[in-house]
Amino acid sequence: VLGMQQRSRCGYCGTPNGSQCFAARSRVLRCADYQALVDRGWRRSGTLLYLTDHSTACCAYYTIRTHALDHQLHASEKKLLRKLHARNLLDPGADASLESKVRAGRRLDVKLEPAGFSEEKFRVFERYQRAVHGDLDATRHGFRNFLCASPLVFDAARAADWLPLGLGSYHQCYYVDGKLAAVGVIDILPACVSSVYLFYDPEFSELSLGTFSSLRELALVHQLHRSVSADIQYYYMGYYIPSCPKMTYKGRWRPADLLDLVTLAWIPIDRCLERIRRHPVFCTFDPLVADRGIVRDTRTDTLNWAPVIDPCTLSPDDRRRTLQLVFWIGSRTPVPASSLVHITEEIERVVLQTGASLGLQLASRVMLSL
């Protein structure tokens, strides 16, 4: 557990000291445990797990999920598929399923493989960073840490002939005429396919591989639902950030839900958008909760507590249970939380934030260290 991290420049709105997050570094994590975390608003970057502090954040980060089995193609998506078919990149079958509509043609090859480094992938990432983000300093070390490393342990109990390792972290690689064109970084979890990142070779930008990869990942949910587990029904696209035009496109993939960070309930996005318009920096989607002041209309507004993270969200019984957790100091010394909290106020705060942010059910079954 790393605790609350210093503020940094926001990559979405550019605010110099935009947001801070509660973070943890994980070496090994069960897929089911990470599913529990993303359903509390956590995300990962490599092995770093983080949860935004919305009490003072510059932007709202709402986890969004699409009901993949019920998604209907938009006119623009159908147009893209027709274009790719005309270029022999797709070979749709006779049925009307999404899997059939995005089937690779003779010029396209799509391979799903465990997340891992290759020089070919790094070169595509390097070109993408330079062209799209103006980043001239991409390194192999950074690429490995960001998009190849993962704490997720493969779960072969939920596997198939075409997915022998089961749930876990993967790269979905797209080859056009034998050349690597794009890589989708995804986590296959007990209830969803979670999109981590996509990068592509700018040479193929006209193919709209960002949109096409999302359609392939939606189709992957269908395939997983049918052949691996009926529980896999959703496509998680990361954060829906209303203040960032580059991130609001995710709301077009319907039907969709946003995660209410106060109640931890999934709310249909159509019920959320009006409240977001009225409270653009942060809001809960339950009007009864909002009446108690848990909204932010401007960036200068603050909350007295951080949703999900703040120890005040713990009931007296949960606080007692948090103090029963065991933390490892170094690699060999287990120490009860009840002993740690007397050392400094900062340690007490981190211990209680750990119980609040992870949830006691998860916190009690993972190995925690400070």
# chains A, B, ... in the order shown; residues from 1 in each chain; ligands from 1
>>> select_by_dssp(residues="segment 17-188 of chain A", states="strand (DSSP E)", output="VMD selection string")
chain A and resid 21 to 25 29 to 30 43 to 45 48 to 52 62 to 67 108 to 114 152 to 153 168 to 176 179 to 188
>>> residues_around(residues="Ser194 of chain A", least_positions_apart="3", cutoff="10 Å", atoms="only C-alpha atoms", output="NGL selection string")
:A and (35 or 38 or 43 or 65 or 169 or 185-189 or 191 or 197 or 217 or 221 or 234-238)
>>> residues_around(residues="Gly184 of chain A", least_positions_apart="2", cutoff="8 Å", atoms="only C-alpha atoms", output="list in words")
His171, Gln172, Cys173, Ala182, Ile186, Ser195, Val196, Tyr197, Leu198, Phe199 and Ser213 of chain A
>>> write_last_selection(atoms="all heavy atoms", output="compact mmCIF listing (two decimals), in the first residue's frame")
# COMPACT_ATOMS: atom_id res chain seq x y z
N HIS A 171 -2.68 -9.11 -24.79
CA HIS A 171 -2.55 -8.17 -25.91
C HIS A 171 -3.33 -8.75 -27.08
O HIS A 171 -3.12 -9.90 -27.47
CB HIS A 171 -1.08 -8.00 -26.32
CG HIS A 171 -0.27 -7.18 -25.37
ND1 HIS A 171 1.10 -7.06 -25.45
CD2 HIS A 171 -0.64 -6.39 -24.32
CE1 HIS A 171 1.53 -6.26 -24.50
NE2 HIS A 171 0.49 -5.85 -23.79
N GLN A 172 -4.23 -7.96 -27.62
CA GLN A 172 -4.92 -8.34 -28.86
C GLN A 172 -4.23 -7.59 -29.99
O GLN A 172 -4.31 -6.36 -30.07
CB GLN A 172 -6.41 -8.01 -28.81
CG GLN A 172 -7.17 -8.50 -30.02
CD GLN A 172 -8.58 -8.97 -29.69
OE1 GLN A 172 -8.84 -10.15 -29.54
NE2 GLN A 172 -9.51 -8.03 -29.60
N CYS A 173 -3.51 -8.33 -30.83
CA CYS A 173 -2.64 -7.74 -31.85
C CYS A 173 -3.30 -7.80 -33.22
O CYS A 173 -3.82 -8.86 -33.63
CB CYS A 173 -1.30 -8.48 -31.89
SG CYS A 173 -0.42 -8.49 -30.31
N ALA A 182 -1.72 -2.50 -34.75
CA ALA A 182 -2.26 -1.99 -33.49
C ALA A 182 -2.21 -3.08 -32.43
O ALA A 182 -2.17 -4.27 -32.75
CB ALA A 182 -3.70 -1.51 -33.67
N ILE A 186 -5.74 -5.54 -22.81
CA ILE A 186 -7.00 -5.82 -22.15
C ILE A 186 -6.79 -6.77 -20.97
O ILE A 186 -5.82 -7.52 -20.93
CB ILE A 186 -8.04 -6.45 -23.12
CG1 ILE A 186 -7.51 -7.76 -23.70
CG2 ILE A 186 -8.41 -5.47 -24.22
CD1 ILE A 186 -8.53 -8.51 -24.55
N SER A 195 -10.82 -2.80 -20.96
CA SER A 195 -9.85 -2.18 -21.87
C SER A 195 -8.86 -1.35 -21.06
O SER A 195 -9.25 -0.48 -20.27
CB SER A 195 -10.57 -1.30 -22.89
OG SER A 195 -9.64 -0.62 -23.71
N VAL A 196 -7.58 -1.61 -21.25
CA VAL A 196 -6.53 -0.87 -20.55
C VAL A 196 -5.97 0.24 -21.43
O VAL A 196 -5.85 1.39 -21.01
CB VAL A 196 -5.40 -1.82 -20.12
CG1 VAL A 196 -4.27 -1.05 -19.42
CG2 VAL A 196 -5.93 -2.92 -19.20
N TYR A 197 -5.67 -0.08 -22.70
CA TYR A 197 -5.03 0.91 -23.58
C TYR A 197 -5.05 0.35 -25.00
O TYR A 197 -5.16 -0.87 -25.20
CB TYR A 197 -3.58 1.12 -23.15
CG TYR A 197 -2.95 2.42 -23.61
CD1 TYR A 197 -3.32 3.64 -23.05
CD2 TYR A 197 -1.97 2.44 -24.60
CE1 TYR A 197 -2.72 4.83 -23.45
CE2 TYR A 197 -1.37 3.63 -25.01
CZ TYR A 197 -1.76 4.82 -24.43
OH TYR A 197 -1.18 5.99 -24.84
N LEU A 198 -4.96 1.25 -25.96
CA LEU A 198 -4.77 0.86 -27.35
C LEU A 198 -3.71 1.76 -27.96
O LEU A 198 -3.72 2.97 -27.74
CB LEU A 198 -6.06 1.00 -28.17
CG LEU A 198 -5.83 0.73 -29.66
CD1 LEU A 198 -6.01 -0.74 -29.98
CD2 LEU A 198 -6.72 1.60 -30.54
N PHE A 199 -2.78 1.18 -28.70
CA PHE A 199 -1.86 1.99 -29.48
C PHE A 199 -1.76 1.39 -30.87
O PHE A 199 -1.96 0.20 -31.07
CB PHE A 199 -0.48 2.08 -28.81
CG PHE A 199 0.20 0.76 -28.54
CD1 PHE A 199 1.11 0.23 -29.46
CD2 PHE A 199 -0.05 0.05 -27.38
CE1 PHE A 199 1.75 -0.98 -29.22
CE2 PHE A 199 0.59 -1.16 -27.13
CZ PHE A 199 1.49 -1.67 -28.05
N SER A 213 -11.15 -1.77 -32.85
CA SER A 213 -10.68 -2.61 -31.74
C SER A 213 -11.74 -2.70 -30.65
O SER A 213 -11.91 -3.75 -30.01
CB SER A 213 -9.36 -2.07 -31.17
OG SER A 213 -9.56 -0.83 -30.51
>>> residues_around(residues="segment 300-307 of chain A", least_positions_apart="2", cutoff="8 Å", atoms="only C-alpha atoms", output="compact mmCIF listing (two decimals) with N, CA, C and O atoms, in the first residue's frame")
# COMPACT_ATOMS: atom_id res chain seq x y z
N ASP A 53 -8.92 10.51 -5.75
CA ASP A 53 -9.55 11.25 -4.64
C ASP A 53 -10.42 12.35 -5.26
O ASP A 53 -9.91 13.35 -5.78
N HIS A 54 -11.75 12.17 -5.19
CA HIS A 54 -12.65 13.11 -5.84
C HIS A 54 -13.03 14.29 -4.95
O HIS A 54 -13.81 15.15 -5.39
N SER A 55 -12.48 14.36 -3.75
CA SER A 55 -12.85 15.49 -2.89
C SER A 55 -12.30 16.81 -3.42
O SER A 55 -12.89 17.87 -3.21
N THR A 56 -11.18 16.75 -4.13
CA THR A 56 -10.58 17.98 -4.68
C THR A 56 -10.10 17.80 -6.12
O THR A 56 -9.42 18.68 -6.64
N LEU A 261 -19.88 6.63 -7.19
CA LEU A 261 -18.77 6.46 -6.26
C LEU A 261 -19.15 6.68 -4.80
O LEU A 261 -18.32 6.47 -3.91
N VAL A 262 -20.38 7.08 -4.56
CA VAL A 262 -20.85 7.22 -3.18
C VAL A 262 -21.58 5.95 -2.74
O VAL A 262 -21.34 5.41 -1.67
N ILE A 294 -23.14 16.16 -1.45
CA ILE A 294 -22.02 15.43 -2.03
C ILE A 294 -21.97 15.68 -3.53
O ILE A 294 -22.16 14.79 -4.35
N VAL A 295 -21.77 16.93 -3.88
CA VAL A 295 -21.62 17.33 -5.28
C VAL A 295 -20.58 18.43 -5.34
O VAL A 295 -20.31 19.12 -4.35
N ARG A 296 -19.98 18.61 -6.53
CA ARG A 296 -19.04 19.70 -6.77
C ARG A 296 -19.40 20.33 -8.11
O ARG A 296 -19.41 19.65 -9.13
N ASP A 297 -19.71 21.62 -8.09
CA ASP A 297 -20.11 22.32 -9.31
C ASP A 297 -18.94 23.00 -10.00
O ASP A 297 -18.95 23.20 -11.21
N THR A 298 -17.93 23.40 -9.23
CA THR A 298 -16.74 24.04 -9.80
C THR A 298 -15.51 23.39 -9.19
O THR A 298 -15.59 22.70 -8.16
N ILE A 309 -12.56 6.37 -0.44
CA ILE A 309 -11.26 6.35 0.22
C ILE A 309 -11.33 6.74 1.69
O ILE A 309 -10.63 6.17 2.53
N ASP A 310 -12.15 7.71 2.02
CA ASP A 310 -12.07 8.33 3.35
C ASP A 310 -12.51 7.37 4.46
O ASP A 310 -13.52 6.67 4.32
N CYS A 312 -14.08 7.95 7.02
CA CYS A 312 -15.40 8.25 7.55
C CYS A 312 -16.48 7.41 6.88
O CYS A 312 -17.61 7.33 7.38
N THR A 313 -16.15 6.77 5.74
CA THR A 313 -17.12 5.88 5.09
C THR A 313 -17.24 4.54 5.81
O THR A 313 -18.12 3.74 5.50
>>> closest_residue(among="A:Gly18, A:Pro151, A:Lys78, A:Ala138", to="Arg299 of chain A", atoms="only C-alpha atoms")
A:Gly18
>>> residues_around(residues="Cys21 of chain A", least_positions_apart="5", cutoff="7 Å", atoms="only C-alpha atoms", output="ChimeraX atom specification")
/A:4-5,50-53
>>> write_last_selection(atoms="N, CA and C atoms", output="PDB file, in the first residue's frame")
ATOM      1  N   MET A   4      -1.773   7.835  -0.153  1.00  0.00           N
ATOM      2  CA  MET A   4      -2.148   8.936  -1.029  1.00  0.00           C
ATOM      3  C   MET A   4      -0.906   9.489  -1.722  1.00  0.00           C
ATOM      4  N   GLN A   5      -0.991   9.622  -3.045  1.00  0.00           N
ATOM      5  CA  GLN A   5       0.133  10.094  -3.843  1.00  0.00           C
ATOM      6  C   GLN A   5       0.031  11.592  -4.105  1.00  0.00           C
ATOM      7  N   TYR A  50      -4.666   2.296  -8.708  1.00  0.00           N
ATOM      8  CA  TYR A  50      -4.928   3.644  -8.205  1.00  0.00           C
ATOM      9  C   TYR A  50      -6.423   3.953  -8.198  1.00  0.00           C
ATOM     10  N   LEU A  51      -6.794   4.830  -7.275  1.00  0.00           N
ATOM     11  CA  LEU A  51      -8.180   5.254  -7.087  1.00  0.00           C
ATOM     12  C   LEU A  51      -8.164   6.755  -6.828  1.00  0.00           C
ATOM     13  N   THR A  52      -8.848   7.520  -7.673  1.00  0.00           N
ATOM     14  CA  THR A  52      -8.804   8.986  -7.594  1.00  0.00           C
ATOM     15  C   THR A  52      -9.534   9.516  -6.356  1.00  0.00           C
ATOM     16  N   ASP A  53      -8.923  10.514  -5.745  1.00  0.00           N
ATOM     17  CA  ASP A  53      -9.548  11.250  -4.641  1.00  0.00           C
ATOM     18  C   ASP A  53     -10.417  12.349  -5.256  1.00  0.00           C
TER      19      ASP A  53
END
>>> closest_residue(among="A:Pro92, A:Gly116, A:Pro190, A:Gly355", to="Asp39 of chain A", atoms="only C-alpha atoms")
A:Pro190
>>> atom_distance(atom1="atom CA of Asp257 of chain A", atom2="atom CA of His67 of chain A")
8.1 Å
>>> closest_residue(among="A:Ala230, A:Ser357, A:Arg127, A:Leu370", to="Pro336 of chain A", atoms="only C-alpha atoms")
A:Leu370
>>> closest_residue(among="A:Val308, A:Leu215, A:Val28, A:Val176", to="Arg103 of chain A", atoms="only C-alpha atoms")
A:Leu215
>>> closest_residue(among="A:Ala86, A:Cys272, A:Leu98, A:Val1", to="Ser214 of chain A", atoms="only C-alpha atoms")
A:Leu98
>>> closest_residue(among="A:Glu77, A:Cys59, A:Cys31, A:Ser227", to="Gly14 of chain A", atoms="only C-alpha atoms")
A:Cys59
>>> select_by_dssp(residues="segment 39-239 of chain A", states="alpha helix (DSSP H)", output="VMD selection string")
chain A and resid 75 to 86 98 to 101 119 to 133 140 to 143 209 to 227
>>> residues_around(residues="His222 of chain A", least_positions_apart="3", cutoff="9 Å", atoms="only C-alpha atoms", output="ChimeraX atom specification")
/A:68-69,98-99,217-219,225-227,232-233
>>> write_last_selection(atoms="all heavy atoms", output="tab-separated table (two decimals), in the first residue's frame")
chain	number	residue	atom	x	y	z
A	68	ALA	N	-22.39	-5.42	-23.18
A	68	ALA	CA	-21.90	-5.85	-24.49
A	68	ALA	C	-22.89	-6.72	-25.24
A	68	ALA	O	-23.00	-6.64	-26.47
A	68	ALA	CB	-20.58	-6.59	-24.32
A	69	LEU	N	-23.62	-7.55	-24.53
A	69	LEU	CA	-24.52	-8.49	-25.20
A	69	LEU	C	-25.72	-7.78	-25.82
A	69	LEU	O	-26.39	-8.34	-26.70
A	69	LEU	CB	-25.01	-9.55	-24.21
A	69	LEU	CG	-23.91	-10.33	-23.47
A	69	LEU	CD1	-24.52	-11.38	-22.56
A	69	LEU	CD2	-22.94	-10.98	-24.44
A	98	LEU	N	-22.43	-9.99	-33.93
A	98	LEU	CA	-21.30	-9.07	-33.94
A	98	LEU	C	-20.00	-9.81	-34.24
A	98	LEU	O	-19.14	-9.30	-34.96
A	98	LEU	CB	-21.21	-8.34	-32.60
A	98	LEU	CG	-20.08	-7.33	-32.45
A	98	LEU	CD1	-20.19	-6.23	-33.51
A	98	LEU	CD2	-20.07	-6.72	-31.05
A	99	GLU	N	-19.86	-11.01	-33.68
A	99	GLU	CA	-18.65	-11.79	-33.94
A	99	GLU	C	-18.47	-12.02	-35.43
A	99	GLU	O	-17.35	-11.97	-35.96
A	99	GLU	CB	-18.74	-13.14	-33.22
A	99	GLU	CG	-18.71	-13.03	-31.71
A	99	GLU	CD	-19.02	-14.36	-31.05
A	99	GLU	OE1	-18.13	-15.23	-31.04
A	99	GLU	OE2	-20.15	-14.54	-30.58
A	217	GLU	N	-13.40	-6.06	-29.22
A	217	GLU	CA	-13.42	-6.36	-27.79
A	217	GLU	C	-14.85	-6.61	-27.31
A	217	GLU	O	-15.08	-7.46	-26.44
A	217	GLU	CB	-12.71	-5.26	-27.02
A	217	GLU	CG	-11.20	-5.29	-27.25
A	217	GLU	CD	-10.46	-4.02	-26.84
A	217	GLU	OE1	-11.08	-3.15	-26.18
A	217	GLU	OE2	-9.27	-3.90	-27.19
A	218	LEU	N	-15.81	-5.89	-27.88
A	218	LEU	CA	-17.21	-6.20	-27.60
A	218	LEU	C	-17.56	-7.61	-28.07
A	218	LEU	O	-18.23	-8.38	-27.37
A	218	LEU	CB	-18.13	-5.19	-28.29
A	218	LEU	CG	-18.29	-3.83	-27.61
A	218	LEU	CD1	-18.89	-2.83	-28.59
A	218	LEU	CD2	-19.18	-3.94	-26.38
A	219	ALA	N	-17.09	-7.95	-29.26
A	219	ALA	CA	-17.33	-9.30	-29.79
A	219	ALA	C	-16.65	-10.36	-28.93
A	219	ALA	O	-17.17	-11.48	-28.78
A	219	ALA	CB	-16.85	-9.38	-31.24
A	225	HIS	N	-18.64	-15.06	-23.13
A	225	HIS	CA	-19.92	-15.36	-22.50
A	225	HIS	C	-20.43	-16.73	-22.94
A	225	HIS	O	-20.96	-17.50	-22.13
A	225	HIS	CB	-20.94	-14.28	-22.87
A	225	HIS	CG	-22.32	-14.53	-22.36
A	225	HIS	ND1	-22.69	-14.28	-21.06
A	225	HIS	CD2	-23.44	-15.02	-22.98
A	225	HIS	CE1	-23.97	-14.59	-20.90
A	225	HIS	NE2	-24.45	-15.04	-22.04
A	226	ARG	N	-20.21	-17.03	-24.20
A	226	ARG	CA	-20.72	-18.29	-24.76
A	226	ARG	C	-19.85	-19.49	-24.40
A	226	ARG	O	-20.36	-20.57	-24.10
A	226	ARG	CB	-20.80	-18.16	-26.29
A	226	ARG	CG	-21.48	-19.33	-26.98
A	226	ARG	CD	-21.50	-19.18	-28.49
A	226	ARG	NE	-20.16	-19.23	-29.06
A	226	ARG	CZ	-19.51	-18.19	-29.53
A	226	ARG	NH1	-20.07	-16.99	-29.51
A	226	ARG	NH2	-18.28	-18.29	-30.03
A	227	SER	N	-18.52	-19.31	-24.39
A	227	SER	CA	-17.65	-20.48	-24.29
A	227	SER	C	-16.81	-20.57	-23.02
A	227	SER	O	-16.19	-21.60	-22.78
A	227	SER	CB	-16.72	-20.53	-25.50
A	227	SER	OG	-15.86	-19.40	-25.54
A	232	ILE	N	-19.63	-13.38	-17.83
A	232	ILE	CA	-18.92	-12.34	-18.58
A	232	ILE	C	-19.91	-11.69	-19.54
A	232	ILE	O	-20.30	-12.27	-20.55
A	232	ILE	CB	-17.71	-12.92	-19.34
A	232	ILE	CG1	-16.74	-13.59	-18.36
A	232	ILE	CG2	-17.00	-11.82	-20.14
A	232	ILE	CD1	-15.56	-14.27	-19.01
A	233	GLN	N	-20.31	-10.46	-19.20
A	233	GLN	CA	-21.36	-9.78	-19.97
A	233	GLN	C	-21.02	-8.33	-20.32
A	233	GLN	O	-21.72	-7.72	-21.13
A	233	GLN	CB	-22.67	-9.77	-19.17
A	233	GLN	CG	-23.18	-11.13	-18.75
A	233	GLN	CD	-24.45	-11.01	-17.95
A	233	GLN	OE1	-25.38	-10.27	-18.31
A	233	GLN	NE2	-24.53	-11.74	-16.84
>>> decode(residues="segment 309-365 of chain A", atoms="C-alpha atoms", output="PDB file, in the first residue's frame")
ATOM      1  CA  ILE A 309     -11.259   6.354   0.221  1.00  0.00           C
ATOM      2  CA  ASP A 310     -12.073   8.330   3.354  1.00  0.00           C
ATOM      3  CA  PRO A 311     -12.158   6.456   6.693  1.00  0.00           C
ATOM      4  CA  CYS A 312     -15.403   8.251   7.546  1.00  0.00           C
ATOM      5  CA  THR A 313     -17.125   5.881   5.094  1.00  0.00           C
ATOM      6  CA  LEU A 314     -16.363   3.021   7.498  1.00  0.00           C
ATOM      7  CA  SER A 315     -19.081   2.039   9.954  1.00  0.00           C
ATOM      8  CA  PRO A 316     -17.969   1.484  13.578  1.00  0.00           C
ATOM      9  CA  ASP A 317     -17.982  -2.275  12.935  1.00  0.00           C
ATOM     10  CA  ASP A 318     -15.970  -1.879   9.713  1.00  0.00           C
ATOM     11  CA  ARG A 319     -13.471   0.323  11.529  1.00  0.00           C
ATOM     12  CA  ARG A 320     -13.061  -2.397  14.165  1.00  0.00           C
ATOM     13  CA  ARG A 321     -12.572  -5.021  11.453  1.00  0.00           C
ATOM     14  CA  THR A 322     -10.033  -2.790   9.693  1.00  0.00           C
ATOM     15  CA  LEU A 323      -7.950  -2.689  12.850  1.00  0.00           C
ATOM     16  CA  GLN A 324      -7.930  -6.499  12.801  1.00  0.00           C
ATOM     17  CA  LEU A 325      -6.171  -6.567   9.424  1.00  0.00           C
ATOM     18  CA  VAL A 326      -2.552  -7.717   9.300  1.00  0.00           C
ATOM     19  CA  PHE A 327       0.123  -5.721   7.462  1.00  0.00           C
ATOM     20  CA  TRP A 328       3.543  -7.086   6.557  1.00  0.00           C
ATOM     21  CA  ILE A 329       6.460  -4.806   7.287  1.00  0.00           C
ATOM     22  CA  GLY A 330       9.212  -5.707   4.836  1.00  0.00           C
ATOM     23  CA  SER A 331       8.733  -9.316   3.768  1.00  0.00           C
ATOM     24  CA  ARG A 332       8.793 -11.248   7.019  1.00  0.00           C
ATOM     25  CA  THR A 333       7.142  -9.355   9.850  1.00  0.00           C
ATOM     26  CA  PRO A 334       3.335  -9.432  10.195  1.00  0.00           C
ATOM     27  CA  VAL A 335       1.960  -6.639  12.384  1.00  0.00           C
ATOM     28  CA  PRO A 336      -1.678  -6.169  13.407  1.00  0.00           C
ATOM     29  CA  ALA A 337      -3.172  -2.916  12.180  1.00  0.00           C
ATOM     30  CA  SER A 338      -4.231  -2.172  15.752  1.00  0.00           C
ATOM     31  CA  SER A 339      -0.551  -1.888  16.651  1.00  0.00           C
ATOM     32  CA  LEU A 340       0.431   0.175  13.604  1.00  0.00           C
ATOM     33  CA  VAL A 341      -2.130   2.921  14.093  1.00  0.00           C
ATOM     34  CA  HIS A 342      -0.432   4.105  17.291  1.00  0.00           C
ATOM     35  CA  ILE A 343       2.886   4.852  15.550  1.00  0.00           C
ATOM     36  CA  THR A 344       1.909   8.007  13.647  1.00  0.00           C
ATOM     37  CA  GLU A 345      -1.303   9.700  12.517  1.00  0.00           C
ATOM     38  CA  GLU A 346      -0.214   9.207   8.895  1.00  0.00           C
ATOM     39  CA  ILE A 347       0.080   5.436   9.326  1.00  0.00           C
ATOM     40  CA  GLU A 348      -3.307   5.350  11.061  1.00  0.00           C
ATOM     41  CA  ARG A 349      -4.829   7.262   8.141  1.00  0.00           C
ATOM     42  CA  VAL A 350      -3.309   4.911   5.523  1.00  0.00           C
ATOM     43  CA  VAL A 351      -4.481   1.809   7.407  1.00  0.00           C
ATOM     44  CA  LEU A 352      -8.050   3.086   7.613  1.00  0.00           C
ATOM     45  CA  GLN A 353      -7.985   4.301   3.995  1.00  0.00           C
ATOM     46  CA  THR A 354      -6.895   0.805   2.973  1.00  0.00           C
ATOM     47  CA  GLY A 355      -9.940  -0.762   4.630  1.00  0.00           C
ATOM     48  CA  ALA A 356     -12.259   1.844   3.113  1.00  0.00           C
ATOM     49  CA  SER A 357     -10.897   1.822  -0.430  1.00  0.00           C
ATOM     50  CA  LEU A 358     -10.370  -1.921  -0.893  1.00  0.00           C
ATOM     51  CA  GLY A 359     -13.481  -2.931   0.984  1.00  0.00           C
ATOM     52  CA  LEU A 360     -13.147  -5.200   3.992  1.00  0.00           C
ATOM     53  CA  GLN A 361     -14.018  -8.404   2.160  1.00  0.00           C
ATOM     54  CA  LEU A 362     -11.087  -7.962  -0.221  1.00  0.00           C
ATOM     55  CA  ALA A 363      -8.709  -6.357   2.297  1.00  0.00           C
ATOM     56  CA  SER A 364      -9.069  -9.341   4.616  1.00  0.00           C
ATOM     57  CA  ARG A 365      -8.052 -11.914   1.994  1.00  0.00           C
TER      58      ARG A 365
END
